[in-house]
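upload.csv (CSV, C-alpha atoms) appears below.
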chain,number,residue,atom,x,y,z
A,1,GLU,CA,352.4,94.0,-38.1
A,2,VAL,CA,352.6,95.8,-34.8
A,3,LYS,CA,351.2,99.3,-34.7
A,4,LEU,CA,350.7,101.9,-32.0
A,5,VAL,CA,348.8,105.1,-33.0
A,6,GLU,CA,348.4,107.9,-30.5
A,7,TYR,CA,345.7,110.6,-30.9
A,8,GLY,CA,343.8,113.1,-28.9
A,9,GLY,CA,346.4,115.8,-28.4
A,10,GLY,CA,346.0,119.5,-29.0
A,11,LEU,CA,346.1,123.0,-27.5
A,12,VAL,CA,344.5,123.5,-24.1
A,13,GLN,CA,344.5,126.1,-21.4
A,14,PRO,CA,346.1,125.6,-18.0
A,15,GLY,CA,343.8,123.7,-15.6
A,16,ALA,CA,342.0,121.9,-18.4
A,17,SER,CA,341.7,118.2,-19.0
A,18,LEU,CA,342.6,116.1,-22.1
A,19,ARG,CA,342.5,112.3,-22.8
A,20,LEU,CA,345.1,110.7,-25.0
A,21,SER,CA,344.5,107.4,-26.7
A,22,CYS,CA,346.9,104.8,-28.1
A,23,GLU,CA,345.4,102.3,-30.4
A,24,ALA,CA,347.3,99.1,-30.5
A,25,SER,CA,347.3,96.3,-33.1
A,26,GLY,CA,349.4,93.3,-34.1
A,27,PHE,CA,349.9,91.8,-30.7
A,28,THR,CA,348.0,90.5,-27.7
A,29,PHE,CA,347.3,93.7,-25.8
A,30,SER,CA,346.5,92.0,-22.5
A,31,ASP,CA,349.8,90.2,-22.3
A,32,PHE,CA,352.0,93.3,-22.2
A,33,TYR,CA,352.9,96.2,-20.0
A,34,MET,CA,352.0,99.5,-21.7
A,35,GLU,CA,353.9,102.7,-21.0
A,36,TRP,CA,353.5,106.5,-21.6
A,37,ILE,CA,356.6,108.6,-22.1
A,38,ARG,CA,356.7,112.3,-22.9
A,39,GLN,CA,359.3,114.7,-24.3
A,40,ALA,CA,359.1,118.4,-23.8
A,41,PRO,CA,360.2,120.6,-26.7
A,42,GLY,CA,364.0,120.3,-27.1
A,43,LYS,CA,364.3,118.2,-24.0
A,44,GLY,CA,364.9,114.5,-23.1
A,45,LEU,CA,362.6,111.6,-22.6
A,46,GLU,CA,360.5,111.3,-19.4
A,47,TRP,CA,358.7,108.1,-18.4
A,48,ILE,CA,355.4,109.0,-16.8
A,49,ALA,CA,353.1,106.0,-16.5
A,50,ALA,CA,352.7,102.3,-16.9
A,51,SER,CA,349.8,99.8,-17.0
A,52,ARG,CA,351.0,96.4,-16.1
A,53,ASN,CA,349.6,93.3,-18.0
A,54,LYS,CA,346.6,91.1,-17.2
A,55,ALA,CA,348.8,88.7,-15.2
A,56,ASN,CA,349.5,91.7,-12.9
A,57,ASP,CA,345.9,92.8,-12.8
A,58,TYR,CA,346.6,95.8,-15.0
A,59,SER,CA,348.0,97.6,-12.0
A,60,THR,CA,349.4,101.1,-12.6
A,61,VAL,CA,352.5,103.1,-11.7
A,62,TYR,CA,353.2,106.9,-12.1
A,63,SER,CA,356.0,109.3,-12.0
A,64,ALA,CA,355.9,111.9,-9.2
A,65,SER,CA,355.4,114.6,-11.8
A,66,VAL,CA,352.0,113.3,-12.9
A,67,LYS,CA,350.8,111.2,-10.0
A,68,ASP,CA,347.3,112.3,-8.8
A,69,ARG,CA,346.7,114.3,-12.0
A,70,PHE,CA,347.0,111.7,-14.7
A,71,THR,CA,345.4,108.3,-15.0
A,72,ILE,CA,346.5,105.5,-17.2
A,73,SER,CA,343.9,102.9,-18.2
A,74,ARG,CA,343.1,100.5,-21.0
A,75,ASP,CA,340.1,99.2,-22.9
A,76,THR,CA,341.1,95.5,-23.5
A,77,TYR,CA,338.3,94.9,-25.9
A,78,LYS,CA,339.3,97.7,-28.2
A,79,SER,CA,343.0,97.4,-27.5
A,80,ILE,CA,343.3,101.1,-26.6
A,81,LEU,CA,345.5,102.6,-24.0
A,82,TYR,CA,344.4,105.8,-22.5
A,83,LEU,CA,346.0,108.7,-20.6
A,84,GLN,CA,343.5,110.9,-18.8
A,85,MET,CA,345.3,114.2,-18.0
A,86,ASN,CA,343.7,116.6,-15.5
A,87,THR,CA,344.7,119.9,-14.1
A,88,LEU,CA,347.2,120.4,-17.0
A,89,LYS,CA,350.1,122.8,-16.5
A,90,PRO,CA,352.3,124.6,-19.0
A,91,GLU,CA,355.1,122.2,-18.0
A,92,ASP,CA,353.0,119.3,-19.3
A,93,THR,CA,353.6,120.6,-22.9
A,94,ALA,CA,355.3,117.8,-24.7
A,95,ILE,CA,355.1,115.1,-27.3
A,96,TYR,CA,353.4,112.0,-25.7
A,97,TYR,CA,354.4,108.6,-26.8
A,98,CYS,CA,353.0,105.2,-25.9
A,99,ALA,CA,355.3,102.1,-26.0
A,100,TYR,CA,355.4,98.5,-25.1
A,101,ASN,CA,357.5,95.3,-25.0
A,102,ASN,CA,360.3,96.9,-23.1
A,103,PHE,CA,360.1,99.9,-25.3
A,104,ASP,CA,360.8,97.9,-28.5
A,105,TYR,CA,357.8,99.5,-30.1
A,106,TRP,CA,356.7,103.1,-30.0
A,107,GLY,CA,354.0,105.1,-31.5
A,108,GLN,CA,354.6,108.2,-33.6
A,109,GLY,CA,353.7,110.5,-30.7
A,110,VAL,CA,351.1,113.2,-30.2
A,111,MET,CA,351.6,116.8,-29.3
A,112,VAL,CA,350.0,118.4,-26.2
A,113,THR,CA,350.4,122.1,-25.7
A,114,VAL,CA,349.2,123.7,-22.5
A,115,SER,CA,349.1,127.5,-22.9
A,116,SER,CA,346.8,130.4,-22.3
B,1,ASP,CA,364.5,107.2,-7.8
B,2,ILE,CA,367.5,105.9,-9.8
B,3,VAL,CA,369.4,108.8,-11.4
B,4,MET,CA,371.0,108.1,-14.8
B,5,THR,CA,373.9,110.3,-15.8
B,6,GLN,CA,375.2,110.3,-19.4
B,7,GLY,CA,378.5,111.6,-20.7
B,8,VAL,CA,379.2,114.0,-23.5
B,9,LEU,CA,380.8,113.1,-26.9
B,10,PRO,CA,383.5,115.2,-28.5
B,11,ASN,CA,381.5,116.0,-31.6
B,12,PRO,CA,381.6,115.7,-34.5
B,13,VAL,CA,382.9,112.2,-34.9
B,14,PRO,CA,384.5,111.4,-38.3
B,15,SER,CA,382.6,108.9,-40.4
B,16,GLY,CA,384.2,105.5,-40.1
B,17,GLU,CA,385.6,106.1,-36.6
B,18,SER,CA,384.1,104.6,-33.4
B,19,ALA,CA,382.3,106.4,-30.7
B,20,SER,CA,381.6,105.4,-27.1
B,21,ILE,CA,378.8,106.8,-25.0
B,22,THR,CA,378.8,106.4,-21.2
B,23,CYS,CA,376.0,106.2,-18.7
B,24,ARG,CA,376.1,105.8,-15.0
B,25,SER,CA,373.3,104.8,-12.6
B,26,SER,CA,372.9,105.8,-8.9
B,27,LYS,CA,372.0,102.3,-8.0
B,28,SER,CA,373.0,98.9,-9.3
B,29,LEU,CA,370.8,97.8,-12.2
B,30,VAL,CA,371.5,94.1,-11.6
B,31,TYR,CA,368.3,92.3,-10.7
B,32,LYS,CA,368.1,89.0,-8.7
B,33,ASP,CA,367.8,87.1,-11.9
B,34,GLY,CA,371.4,88.2,-12.7
B,35,LYS,CA,370.3,90.4,-15.7
B,36,THR,CA,371.3,94.1,-15.9
B,37,TYR,CA,368.2,96.1,-16.7
B,38,LEU,CA,369.6,98.9,-18.9
B,39,ASN,CA,368.3,100.0,-22.3
B,40,TRP,CA,369.9,102.1,-24.9
B,41,PHE,CA,368.0,104.1,-27.5
B,42,LEU,CA,368.7,106.3,-30.5
B,43,GLN,CA,366.4,109.1,-31.3
B,44,ARG,CA,366.9,110.6,-34.8
B,45,PRO,CA,365.6,114.1,-35.4
B,46,GLY,CA,361.9,114.1,-35.7
B,47,GLN,CA,361.5,110.4,-35.0
B,48,SER,CA,360.4,108.2,-32.1
B,49,PRO,CA,363.2,106.6,-30.1
B,50,GLN,CA,364.5,103.3,-31.3
B,51,LEU,CA,365.5,100.5,-28.9
B,52,LEU,CA,369.1,99.5,-29.6
B,53,THR,CA,370.1,97.2,-26.8
B,54,TYR,CA,368.4,95.8,-23.7
B,55,TRP,CA,369.7,93.8,-20.7
B,56,MET,CA,372.8,96.0,-21.1
B,57,SER,CA,374.3,94.1,-24.0
B,58,THR,CA,371.6,92.3,-26.0
B,59,ARG,CA,370.9,93.9,-29.4
B,60,ALA,CA,367.3,94.5,-30.3
B,61,SER,CA,365.9,92.8,-33.4
B,62,GLY,CA,367.3,94.3,-36.6
B,63,VAL,CA,370.0,96.5,-34.9
B,64,SER,CA,373.4,96.5,-36.6
B,65,ASP,CA,376.2,94.6,-34.9
B,66,ARG,CA,378.1,97.9,-35.0
B,67,PHE,CA,376.3,98.8,-31.8
B,68,SER,CA,377.5,97.0,-28.7
B,69,GLY,CA,376.6,97.6,-25.0
B,70,SER,CA,378.7,96.7,-22.1
B,71,GLY,CA,379.3,97.6,-18.5
B,72,SER,CA,379.0,96.7,-14.8
B,73,GLY,CA,376.1,97.2,-12.4
B,74,THR,CA,376.3,101.0,-12.4
B,75,TYR,CA,378.6,102.0,-15.3
B,76,PHE,CA,377.7,101.4,-18.9
B,77,THR,CA,379.0,102.0,-22.3
B,78,LEU,CA,377.4,101.9,-25.8
B,79,LYS,CA,380.1,101.6,-28.4
B,80,ILE,CA,379.3,102.4,-32.0
B,81,SER,CA,381.8,101.1,-34.5
B,82,ARG,CA,382.5,102.6,-37.9
B,83,VAL,CA,380.0,105.4,-37.4
B,84,ARG,CA,377.8,106.4,-40.4
B,85,ALA,CA,375.7,109.4,-41.2
B,86,GLU,CA,372.5,107.4,-40.2
B,87,ASP,CA,373.9,107.1,-36.6
B,88,ALA,CA,373.5,110.8,-35.9
B,89,GLY,CA,371.0,111.7,-33.3
B,90,VAL,CA,370.6,111.6,-29.5
B,91,TYR,CA,371.3,108.5,-27.5
B,92,TYR,CA,369.6,107.8,-24.3
B,93,CYS,CA,370.2,105.2,-21.6
B,94,GLN,CA,367.3,104.0,-19.5
B,95,GLN,CA,367.0,101.9,-16.4
B,96,VAL,CA,364.2,99.4,-16.3
B,97,ARG,CA,365.3,97.8,-13.0
B,98,GLU,CA,362.5,99.4,-11.0
B,99,TYR,CA,359.7,102.0,-11.2
B,100,PRO,CA,359.8,104.9,-11.7
B,101,LEU,CA,361.7,104.2,-14.8
B,102,THR,CA,364.3,106.8,-15.6
B,103,PHE,CA,366.3,108.0,-18.6
B,104,GLY,CA,369.6,109.7,-18.9
B,105,SER,CA,369.6,113.2,-20.2
B,106,GLY,CA,370.8,112.1,-23.7
B,107,THR,CA,374.1,112.3,-25.6
B,108,LYS,CA,374.2,113.9,-29.0
B,109,LEU,CA,376.2,112.3,-31.8
B,110,GLU,CA,377.1,114.4,-34.8
B,111,ILE,CA,378.9,112.8,-37.7
B,112,LYS,CA,381.6,114.6,-39.8

Mind turning the file's structure into structure tokens?
Amino acid sequence: EVKLVEYGGGLVQPGASLRLSCEASGFTFSDFYMEWIRQAPGKGLEWIAASRNKANDYSTVYSASVKDRFTISRDTYKSILYLQMNTLKPEDTAIYYCAYNNFDYWGQGVMVTVSS
Amino acid sequence: DIVMTQGVLPNPVPSGESASITCRSSKSLVYKDGKTYLNWFLQRPGQSPQLLTYWMSTRASGVSDRFSGSGSGTYFTLKISRVRAEDAGVYYCQQVREYPLTFGSGTKLEIK
């Protein structure tokens, strides 16, 4: 059974850092692109980062809104996808989802709140 | 970046009727392989999005045949036949033609 479980969210102050994790199981982690998507309260979906698969050297892509502040990475031995978020801003407040296989599978999401 | 623009539904839609949701892209989503890289999702309240269709018109596994996607390179429609209460939620289109991937702003469907 495929499972994606995000964790690591919480309440942080502006300027702080946070690392999200997405634990994957039920599929060959290295074969697939992995994505992070977020959804601000009451708003729509925003794609923010991708980690391509092993065949593409796990190369990464970012949206303009998080580039240079967020870093996507993966631990292929543990099958965990990470999102390191630095210099957080109030507008980063959102539910963060991981997804894969052309978004056919999503985690349950984890809430990040950036507020003083 | 490719901009995705979604239409609005005349809510609420009576149960058993059909509903069509539109989406337009600022650039053709047809790739050199001939496929159109357009996804449709449904997000029910409090849930993660669910993939409905990909490659514009291919239904995802387990998705009811009441959902059908169609369109051209830049104009797309998701038709929901015989709408049911469980179809209520927000529908999003998404282009996966190129990075950065982009979503439409969402179209809310309410059922009467």

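Closest to Phe27 of chain A among A:Leu11, A:Cys98, A:Ala50, A:Leu4 is A:Leu4, based on all atoms listed in the file.
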
Exercise. Using all atoms listed in the file, determine which residues lie at most 7 Å from Met56 of chain B, disregarding the query and same-chain residues fewer than 4 positions distant; provide the list as a PyMOL selection string.
Key: chain B and resi 36-39+69-70

Chain A contacts on chain B, only C-alpha atoms, 9 Å, as a JSON list (two decimals) with C-alpha atoms, keeping the file's coordinate frame:
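So part08.json came out as:
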[["chain", "number", "residue", "atom", "x", "y", "z"],
["B", 39, "ASN", "CA", 368.30, 100.00, -22.30],
["B", 47, "GLN", "CA", 361.50, 110.40, -35.00],
["B", 48, "SER", "CA", 360.40, 108.20, -32.10],
["B", 49, "PRO", "CA", 363.20, 106.60, -30.10],
["B", 50, "GLN", "CA", 364.50, 103.30, -31.30],
["B", 51, "LEU", "CA", 365.50, 100.50, -28.90],
["B", 52, "LEU", "CA", 369.10, 99.50, -29.60],
["B", 54, "TYR", "CA", 368.40, 95.80, -23.70],
["B", 60, "ALA", "CA", 367.30, 94.50, -30.30],
["B", 61, "SER", "CA", 365.90, 92.80, -33.40],
["B", 92, "TYR", "CA", 369.60, 107.80, -24.30],
["B", 96, "VAL", "CA", 364.20, 99.40, -16.30],
["B", 99, "TYR", "CA", 359.70, 102.00, -11.20],
["B", 100, "PRO", "CA", 359.80, 104.90, -11.70],
["B", 101, "LEU", "CA", 361.70, 104.20, -14.80],
["B", 102, "THR", "CA", 364.30, 106.80, -15.60],
["B", 103, "PHE", "CA", 366.30, 108.00, -18.60],
["B", 104, "GLY", "CA", 369.60, 109.70, -18.90],
["B", 105, "SER", "CA", 369.60, 113.20, -20.20],
["B", 106, "GLY", "CA", 370.80, 112.10, -23.70]]

Exercise. Mind listing whatever residues come within 12 Å of the point (351.4, 119.3, -19.6)? Use all atoms listed in the file, file coordinates, and give them as a PyMOL selection string.
Key: chain A and resi 9-20+38-41+48+65-66+69-70+83-96+111-115

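Here atom CA of Gly7 of chain B is placed at a distance of 20.4 Å from atom CA of Arg84 of chain B.
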
Self-check item: Lys108 of chain B surroundings by only C-alpha atoms, 8 Å radius, close-in-sequence under 2 positions cut, as an MDAnalysis selection string
Solution: chainID B and resid 8:9 88:91 106 110

Exercise. Work out how far apart atom CA of Ile80 of chain B and atom CA of Glu1 of chain A are and give it in Å to one decimal.
Key: 28.8 Å

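Summary of the local environment: counting all atoms listed in the file, residues at most 8 Å from Tyr75 of chain B, other than itself and those fewer than 3 positions away along its chain, are Thr22, Cys23, Arg24, Ser25, Gly71 and Ser72 of chain B.
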
Tell me, as a PDB file with C-alpha atoms, in the frame of the given file, which residues lie within 7 Å of Lys54 of chain A, counting only C-alpha atoms; anything in the same chain fewer than 2 positions away does not count.
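In the end it all went to around_19.pdb:
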ATOM      1  CA  SER A  30     346.500  92.000 -22.500  1.00  0.00           C
ATOM      2  CA  ASP A  31     349.800  90.200 -22.300  1.00  0.00           C
ATOM      3  CA  ARG A  52     351.000  96.400 -16.100  1.00  0.00           C
ATOM      4  CA  ASN A  56     349.500  91.700 -12.900  1.00  0.00           C
ATOM      5  CA  ASP A  57     345.900  92.800 -12.800  1.00  0.00           C
ATOM      6  CA  TYR A  58     346.600  95.800 -15.000  1.00  0.00           C
TER       7      TYR A  58
END

Quiz prompt | All residues 10 Å or closer to Tyr77 of chain A, only C-alpha atoms, same chain fewer than 3 positions away omitted, as a PyMOL selection string | solution = chain A and resi 29-30+74+80

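For the choices A:Val5, A:Ala55, A:Ile72, A:Val110, the atom-to-atom distance to Ala24 of chain A is smallest for A:Val5 when using all atoms listed in the file.
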
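The gap separating atom CA of Ser79 of chain A from atom CA of Arg59 of chain B is 28.2 Å, in Å to one decimal.
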
Box for segment 84-97 of chain A - axis-aligned, 6 Å on each of the six sides, all listed atoms - centre and size in Å to one decimal, as AutoDock Vina command-line options.
--center_x 349.4 --center_y 116.6 --center_z -20.7 --size_x 23.8 --size_y 28.0 --size_z 25.2

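Distances from B:Lys112, B:Pro14, B:Tyr31, B:Arg66 to Arg97 of chain B were compared using all atoms listed in the file, and the smallest one belongs to B:Tyr31.
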